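Participant: Encoded as structure tokens, here's the structure I'll be asking about.
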Amino acid sequence: MNKKFTIVRLLCAFAIAVALSVCIIFAISEDPLTAIYNLFLGPFQSKRHFFDVFASSVPLIFTGLALGLVFKSGNFSMIADACLYTGGVVTAALAIKTAMPAGLHPILIMLIAAAVGGLIGSIPALLKVYFHTNELVTSLMLNYVFFYFGIYTVTKYLADREAGTFASLKYQPTAALGALIPGTKFHVGYLVAILAVVLLYFLVFKTKFGYEIRISGSNPQFAKYSGINTSKVIILTQVIAGAVAGLGGAVEQMGMYQRFNWQDSPSYAWDGVIIAILSGNNPKTVPLAAFFLAYVRVGADLMSRRSDVQNELVSIIQAVLILFITAERFMAGWKQRQEAKKALEGEV
Amino acid sequence: MNVLQDILNTLSLPEFYFAMFRSATPVLLTTLGAMISSRSGTSNIALEGTMLISAFVGVVVSAFSQNAWIGFLGAVAAGFIVSNILAYFILKLNSNAVISGIALNTFASGGTIFVLYLITGEKGASTSLESLKLPSLTLPVIKDIPVIGAVLSGHHVLTYAALILVAAVWYLFKHTRLGMHIRAVGESPDAAETVGIPVRRVKYIALSISGILTGMAGAFLSMGYVGLFSAGMTAGRGYIALATQAIAAGNAVVGMLASLLFGFCQSMANYLQSSNIPLQFIQMMPYIIIIIAYTTYCAMVEYNKKKKQMLAAAGK
Amino acid sequence: MGQGIILEAKNITKVYPGGVVANHNVNLEIRKGEVHALVGENGAGKSTLMKMLFGMLTPTEGQIFVDGKEVHFSASGDAIAAGLGMIHQHFMQVPSMTVAENLILGAETGTALKVDRKKAEEITKELSEKYNLKVNAQEKVEDISLAMRQKLEILKALYRGAHILILDEPTAVLTPQETEELFEQLKLLRENGHTIIFISHKLNEVKALCNRMTILRDGKTMGTYDISDLDEKEISRLMVGRDVSLAIEKEEEEFGKTVFSVKDLVYADQFGKTRLDHVSFSIREGEILGIAGIDGNGQSELVEAIVGTLKPQSGAVFLKGTDISAYSVLKRQESGISHVSEDRMKYGTAPKLTLEDNTISKVYYTDKLKTRGLIDSKKVNQFTNKILEEFMVKYDNSKQAVSELSGGNVQKLVVGREFDYQPDLLIMNQPTRGIDVGAIEFIRKKIVEMRRQRKAVLLVSADLGEVLSLSDTILVMHEGRIVGYIDDVKNTSENDLGLYMLGVKEDSRERIGGACHE
């Protein structure tokens, strides 16, 4: 009953999102069919676009994993945003200022970016444990702090004065993550992302610490009575989540960019929220959820290039999906009537 | 040394304090809104997005109607509608308040740009729209008092509205029936329900008021001094209000003080832009100060609890 | 039939989300001016029925009549307007507001813009004198006693003009003496023309107070009877469908050496209220030590201080001669303390997680469940099934959520988990609260079995019958202090305990010192 209901509800949420976007497109576009075609099928038009979807899903996988882990532990920190951004800045610094052999350079950068991400991730958690602050509130504000700090670092130490816009110097070629399929953006970073998925899956479902995360997230009181050190769980999960997000920043920079030009913080951490929700906070399904969102993203980009509908349509779709998927009582009436019928049949 | 001199100079200017009230206004309005929803037992994470949408709607409506007050009503109505959508999902469909709030914020940040492009063909700012501003008021008598007149008179009409609303919210919780119901519903919803208070409706009302106040804050941003909408112009003020609201712990006057602290930092940051401190450090300062204030507040609450416990235990 | 019927429920059926049928074709008829008992086991559907009568739930099917007219309540406000008042088991009050404010809440004096607090206080005093229900109008509810909160709850209903009062297990939080006082007040109300519905599963109380009774079992009505027509045995059979004896067979045991002791525990909470006031006692091998007291007199804090979830400001806890005061919760468990908490859904389980996740919480980190360093789902499955079968838990599969089980089965799971790792000290906090009779019997037997295995047992229970029938020794707590020490349990009655619980009687310090052994 429950599983079937979840699926029906999920499909309905998708149907609403699709219907709404089609309606909007028809309402505003001169050429709605082109827009719709590109939005939903654009990525299938060429090998390049199709693999772009994989490439675009890479940062989403990382933030989806990070947010999913944090949610699983019952916390609501958005610090992944700062971790990812700063991870990118660290990558820029190391990719410009250090020289190393090709294989070693990216690995070292990833490790350091992850470490920095973990460090930043720990701040809202430590504040929560020691001063009882709300981690959502502090993380939202820390995001601004680290964003400005990143901008400062890049303009002061790494900027390319000749670029004319906000951009760093070019990265050393040794620091690039190569393409997996030539002629596409599909890069080695995808494998790193999948490795992170596997590791987190084992962490959450097969280790002692994973059990502690799940219990603390589901019922912190029970965790406390079971002798679980909930403070440790809060801090360590956010460190791990921060490290994953920081790693994501590094992989994204080395896989997709030759220089650092994030003048605004990319919204990957916020996208992580929907990935985490779509995946049910389960690392195993994160790549699939990330693929879905990336697909819509790539489709929307094609749509905005080839028609008069802008790609910000995606955030509308995204919001509608989150709202309906997490609405516990969405279609609950339908479910309850079914249940009542079934239960009473058994009684008579 | 130089920096210290700059700060001291700034502190001696009446205009600085004037700017403090100006910068505090949107945060103060939002803080009051956050406080009302929070006391009714719902945390409104969608403040940021609500404010952004209101700011946008205010500009668009005022541009098309060529009437600033109709634009203002549009902004407030937008705040009301967004908060009711949020309320519908949280109260009726049992959604998680934080996640629904995040969804609405996502919607706001993309949706405003989407519509802005439809109307103007631009994605950055509404420069091509001829939108209007709401007026500023000169206070008779007070304006002639030296220093105080310069600080308190000549503010935007919404700044005065915000200060009046501080008293209104304080009175609401202290004396009115609605205020009593909001407190009851937030603290023990079951108790409220069993005495016939319509819990869900009270929560709807509380969220609606919070949306209206946040809508006013949005109107202030885009129809106050700037007179245009730009993408993401709320710059986290909706999140700051979550912190100031927590510091206020339900007390409107404390909420005002916390908002003024933010106004102080923001205005100081503006004055120091010409100093030799790197721009980015100045920009991050308000956020850092609010984090510190919020953390200190939480730590103090915790410390007082501990102290009380120790005293009671030793007293026997 | 028909005449003098003030409240009637006809063919009421209620199905909860999740498909639980709580009421099935239930019928109830209340006559004007009577005290009508609604009896049934935990989970028989009494509270569900009452919530529907009071507008807190809507029936899936069926009709409700007040004074012969059909009514459709969509909220409690409607029921209040129709003259119903409900005294809930968990008091429905706003702790940070005063007694007077709580009294008028929802029907305020003054205007919408200015609530008249003075008037509210006057009304409180007036009503309180009229019905002989003494309360303190200006005090905050968080500072007053449970008995006073209950009086306030009755006053609230009367203030709203209720002439039909529903009381949901009102005596659960009262001492025998307070119960008697309550009954006097209820009789006074009946003489004043009020109709009272009294929900209970305590048959002696029903006999003492009520005129007629309706019996519920498994969500169905088993009939309405005059009290004088049935004896307790017959009522009991109608309630549970079989004869049950809750009497526990327990052999005499010699106590062994001291296993566990606490010395001078002092704890004050965050509001500065003293919750534990120099508490000392010890428990010996093969001894069940019962702690009696009205809820909220320090029992929970005592248990928490022993388990380690709460840090007392001073005092020490010893297990097998070692001072474990500085130990973490985990280390205390590993040293040999197990704990069945007072609220299984809040502290004892993670209801949304699977039976497996909930059953392994004491051993998840051990090698018992691991293969090559990782948790082995096969081993987890085997471990879970073994415990659940041994403790007779009824379940479909070990991957279903705990929230899908009945209260009794959840409690058996918890007890099974806690007993499985062979502790030296068992803490049983309200072990049978709110579960069916079968599970109660089972769990009590298991406790006695642990005693036979020479374990030390600390039993905290608000059910005086349970404390008296299981314990070898009893301590009574009042306002955080131990006020009574009883070693002759056999010759002690509930009333004797009640005097201590009220703080009327207190043993000398020397005598209470007898609870500490070397």
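To be explicit about the labels: the chains of the structure tokens are called A, B, and onward in the order shown, and within each one the residues are counted from 1, while ligands get numbers from 1 in the order they are shown.
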Could you please tell me, as a ChimeraX atom specification, which residues of chain C have an atom within 8 Å of chain B when using only C-alpha atoms?

Facilitator: /C:56,75-78,80,91-94,105-108,111-115,266-274,277,313

Participant: Would you mind listing, for every residue of chain A within 9 Å of chain C, the two atoms forming the shortest contact and the distance between them in Å to one decimal, using only C-alpha atoms, sorted by chain and ascending residue number, as a tab-separated table?

Facilitator:
```
residue	atom	partner	partner_atom	distance
A:Phe202	CA	C:Leu374	CA	8.3
A:Phe205	CA	C:Ile375	CA	7.9
A:Lys206	CA	C:Ile375	CA	4.8
A:Thr207	CA	C:Leu374	CA	5.5
A:Lys208	CA	C:Tyr365	CA	5.4
A:Phe209	CA	C:Tyr365	CA	8.6
A:Tyr211	CA	C:Tyr364	CA	7.6
A:Arg214	CA	C:Leu353	CA	8.6
A:Ile215	CA	C:Ala350	CA	6.7
A:Ser216	CA	C:Ala350	CA	8.8
A:Ser218	CA	C:Ala350	CA	5.9
A:Asn219	CA	C:Ala350	CA	5.2
A:Pro220	CA	C:Ala350	CA	8.4
A:Gln221	CA	C:Tyr347	CA	5.3
A:Phe222	CA	C:Tyr347	CA	4.4
A:Ala223	CA	C:Tyr347	CA	8.1
A:Lys224	CA	C:Thr309	CA	7.0
A:Tyr225	CA	C:Tyr347	CA	6.6
A:Ser226	CA	C:Ser361	CA	6.3
A:Gly227	CA	C:Leu330	CA	4.1
A:Ile228	CA	C:Leu330	CA	6.9
A:Asn229	CA	C:Leu330	CA	8.5
A:Ala332	CA	C:Pro17	CA	8.5
A:Lys335	CA	C:Pro17	CA	8.2
A:Gln336	CA	C:Pro17	CA	5.5
A:Arg337	CA	C:Pro17	CA	8.8
A:Gln338	CA	C:Gly19	CA	8.7
A:Glu339	CA	C:Gly19	CA	4.9
A:Ala340	CA	C:Gly19	CA	5.6
A:Lys341	CA	C:Gly19	CA	8.5
A:Lys342	CA	C:Gly19	CA	7.5
A:Ala343	CA	C:Gly19	CA	5.5
A:Leu344	CA	C:Val21	CA	7.5
A:Glu347	CA	C:His24	CA	8.5
```

Participant: Would you mind listing, as a ChimeraX atom specification, all residues of chain A that have at least one atom within 9 Å of chain B, where only C-alpha atoms are what counts?

Facilitator: /A:28,76,127-128,130-134,137-138,140-142,144-152,270-271,273-274,309-332

Participant: Extract, using only C-alpha atoms, all DNA, RNA and protein residues at most 8 Å from range 314-318 of chain C, discarding same-chain residues fewer than 4 positions from it, and format them as JSON, numbers by chain.

Facilitator: {"C": [260, 261, 262, 263, 264, 265, 266, 267, 278, 306, 322, 323, 324, 325]}

Participant: What parts of range 30-199 of chain B does DSSP call alpha helix (DSSP H)? I'd like the answer as a ChimeraX atom specification.

Facilitator: /B:30-39,47-65,68-87,97-120,148-152,157-175,177-187,189-194,199

Participant: Just the number, please: distance in Å from CA of Thr10 in chain B to CA of His155 in chain B, one decimal.

Facilitator: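 CA of Thr10 in chain B sits 19.3 Å away from CA of His155 in chain B.
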
Participant: Find the residues near range 27-43 of chain B: any atom within 8 Å, counting only C-alpha atoms, skip ones fewer than 3 places away on the same chain, and give them as a ChimeraX atom specification.

Facilitator: /B:23-24,47,97-98,162,166,169,182-187,202-203,206-207,209-214,216-217,237-238,240-242,244-245,248-250,252,255-256,259-260,262

Participant: Generate a file of the selected residues that holds N, CA and C atoms, formatted as a short mmCIF file (atom, residue, chain, number, x, y, z; two decimals), in the first residue's frame.

Facilitator:
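The result, stored in result.cif:
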```cif
data_model
loop_
_atom_site.label_atom_id
_atom_site.label_comp_id
_atom_site.auth_asym_id
_atom_site.auth_seq_id
_atom_site.Cartn_x
_atom_site.Cartn_y
_atom_site.Cartn_z
N SER B 23 18.82 51.26 7.02
CA SER B 23 19.24 49.89 6.74
C SER B 23 18.49 48.89 7.60
N ALA B 24 18.09 49.33 8.77
CA ALA B 24 17.42 48.39 9.68
C ALA B 24 15.99 48.12 9.25
N LEU B 47 10.81 33.68 4.19
CA LEU B 47 10.85 35.14 4.27
C LEU B 47 11.67 35.75 3.14
N ALA B 97 8.13 22.41 7.17
CA ALA B 97 8.15 23.88 7.03
C ALA B 97 9.45 24.38 6.40
N VAL B 98 10.56 23.78 6.81
CA VAL B 98 11.85 24.25 6.30
C VAL B 98 11.98 23.97 4.80
N ALA B 162 7.42 50.89 10.33
CA ALA B 162 8.06 49.77 11.03
C ALA B 162 8.15 50.05 12.51
N VAL B 166 6.36 48.03 15.68
CA VAL B 166 7.00 47.41 16.85
C VAL B 166 6.06 47.52 18.04
N VAL B 169 2.96 45.27 17.49
CA VAL B 169 3.17 43.84 17.72
C VAL B 169 3.31 43.56 19.22
N ILE B 182 -2.59 33.35 19.36
CA ILE B 182 -1.36 32.97 18.66
C ILE B 182 -0.39 32.31 19.62
N ARG B 183 -0.24 32.90 20.81
CA ARG B 183 0.66 32.31 21.80
C ARG B 183 0.21 30.91 22.19
N ALA B 184 -1.10 30.76 22.42
CA ALA B 184 -1.63 29.46 22.84
C ALA B 184 -1.41 28.42 21.75
N VAL B 185 -1.68 28.81 20.53
CA VAL B 185 -1.57 27.88 19.41
C VAL B 185 -0.12 27.45 19.21
N GLY B 186 0.81 28.40 19.42
CA GLY B 186 2.22 28.07 19.24
C GLY B 186 2.75 27.22 20.37
N GLU B 187 2.30 27.50 21.58
CA GLU B 187 2.86 26.80 22.72
C GLU B 187 2.20 25.44 22.96
N VAL B 202 -5.85 30.26 13.10
CA VAL B 202 -4.96 31.20 13.78
C VAL B 202 -3.56 31.15 13.17
N LYS B 203 -3.12 29.93 12.85
CA LYS B 203 -1.80 29.80 12.23
C LYS B 203 -1.78 30.45 10.85
N ALA B 206 -1.54 34.11 11.42
CA ALA B 206 -0.19 34.51 11.83
C ALA B 206 0.75 34.52 10.62
N LEU B 207 0.67 33.48 9.80
CA LEU B 207 1.54 33.45 8.62
C LEU B 207 1.17 34.57 7.65
N ILE B 209 -0.04 37.52 8.41
CA ILE B 209 0.52 38.78 8.92
C ILE B 209 2.01 38.81 8.65
N SER B 210 2.66 37.67 8.87
CA SER B 210 4.10 37.64 8.62
C SER B 210 4.39 37.92 7.15
N GLY B 211 3.53 37.42 6.25
CA GLY B 211 3.71 37.69 4.82
C GLY B 211 3.49 39.16 4.50
N ILE B 212 2.49 39.75 5.13
CA ILE B 212 2.20 41.17 4.86
C ILE B 212 3.38 42.04 5.31
N LEU B 213 3.89 41.76 6.51
CA LEU B 213 5.01 42.55 7.01
C LEU B 213 6.24 42.38 6.12
N THR B 214 6.48 41.11 5.70
CA THR B 214 7.62 40.85 4.83
C THR B 214 7.40 41.52 3.48
N MET B 216 5.91 44.33 3.07
CA MET B 216 6.27 45.73 3.27
C MET B 216 7.78 45.90 3.18
N ALA B 217 8.49 44.94 3.75
CA ALA B 217 9.95 44.99 3.69
C ALA B 217 10.42 44.95 2.24
N ARG B 237 18.59 39.14 3.65
CA ARG B 237 17.94 39.83 4.78
C ARG B 237 16.86 38.96 5.41
N GLY B 238 16.21 38.13 4.58
CA GLY B 238 15.19 37.23 5.11
C GLY B 238 15.81 36.21 6.07
N ILE B 240 18.68 36.85 7.77
CA ILE B 240 19.10 37.63 8.94
C ILE B 240 17.94 37.75 9.91
N ALA B 241 16.75 37.96 9.34
CA ALA B 241 15.57 38.13 10.20
C ALA B 241 15.33 36.88 11.04
N LEU B 242 15.70 35.72 10.52
CA LEU B 242 15.55 34.50 11.31
C LEU B 242 16.42 34.58 12.56
N THR B 244 17.66 37.50 13.97
CA THR B 244 17.22 38.57 14.87
C THR B 244 15.94 38.15 15.60
N GLN B 245 15.11 37.42 14.91
CA GLN B 245 13.88 36.92 15.53
C GLN B 245 14.21 36.00 16.70
N ALA B 248 15.29 37.94 19.57
CA ALA B 248 14.18 38.66 20.19
C ALA B 248 13.35 37.76 21.10
N ALA B 249 13.32 36.46 20.81
CA ALA B 249 12.56 35.51 21.62
C ALA B 249 11.13 35.99 21.90
N GLY B 250 10.48 36.52 20.88
CA GLY B 250 9.08 36.89 21.04
C GLY B 250 8.85 38.30 21.53
N ALA B 252 9.00 42.16 20.83
CA ALA B 252 9.13 43.04 19.67
C ALA B 252 10.19 44.11 19.89
N GLY B 255 13.45 42.69 19.34
CA GLY B 255 13.56 42.48 17.89
C GLY B 255 13.99 43.77 17.20
N MET B 256 13.48 44.88 17.66
CA MET B 256 13.85 46.17 17.08
C MET B 256 15.34 46.45 17.34
N SER B 259 17.45 44.35 15.13
CA SER B 259 17.44 44.85 13.76
C SER B 259 18.28 46.10 13.63
N LEU B 260 18.23 46.94 14.67
CA LEU B 260 19.06 48.15 14.63
C LEU B 260 20.54 47.79 14.65
N PHE B 262 21.81 45.24 13.18
CA PHE B 262 22.12 44.97 11.78
C PHE B 262 22.23 46.27 10.99
#
```

Participant: Tell me which protein, DNA and RNA residues are within 7 Å of Ser74 in chain C, counting only C-alpha atoms, leaving out same-chain ones fewer than 2 positions away, and put them as a ChimeraX atom specification.

Facilitator: /C:55,58,72,78

Participant: Please run DSSP on the backbone and report, as a ChimeraX atom specification, all residues within range 409-444 of chain C that come out as strand (DSSP E).

Facilitator: /C:425-429

Participant: Could you please take those selected residues and save C-alpha atoms as a PDB file, in the first residue's frame?

Facilitator:
```pdb
ATOM      1  CA  LEU C 425      20.499  -3.824  37.022  1.00  0.00           C
ATOM      2  CA  LEU C 426      17.169  -3.514  35.205  1.00  0.00           C
ATOM      3  CA  ILE C 427      15.371  -0.218  35.304  1.00  0.00           C
ATOM      4  CA  MET C 428      11.723  -0.589  34.451  1.00  0.00           C
ATOM      5  CA  ASN C 429      10.061   2.819  34.178  1.00  0.00           C
TER       6      ASN C 429
END
```

Participant: Can you work out which one of C:Gly407, C:Leu310, C:Ser236, C:Gln422 has the shortest atom-to-atom distance to Ser335 in chain C, counting only C-alpha atoms?

Facilitator: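 Among the listed residues, C:Gln422 lies closest to Ser335 in chain C.
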
Participant: Mind giving me the straight-line distance from CA of Pro140 in chain B to CA of Leu73 in chain B in Å, one decimal?

Facilitator: 26.9 Å

Participant: Just to confirm, what's the straight-line distance from CA of Val240 in chain C to CA of Met213 in chain C in Å (one decimal)?

Facilitator: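 Taking CA of Val240 in chain C as the start and CA of Met213 in chain C as the end point, the length is 15.4 Å.
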
Participant: Write out as a PyMOL selection string which residues come within 9 Å of Ser469 in chain C when counting only C-alpha atoms, dropping same-chain ones fewer than 2 positions away.

Facilitator: chain C and resi 246-248+464-467+471-472+489-490
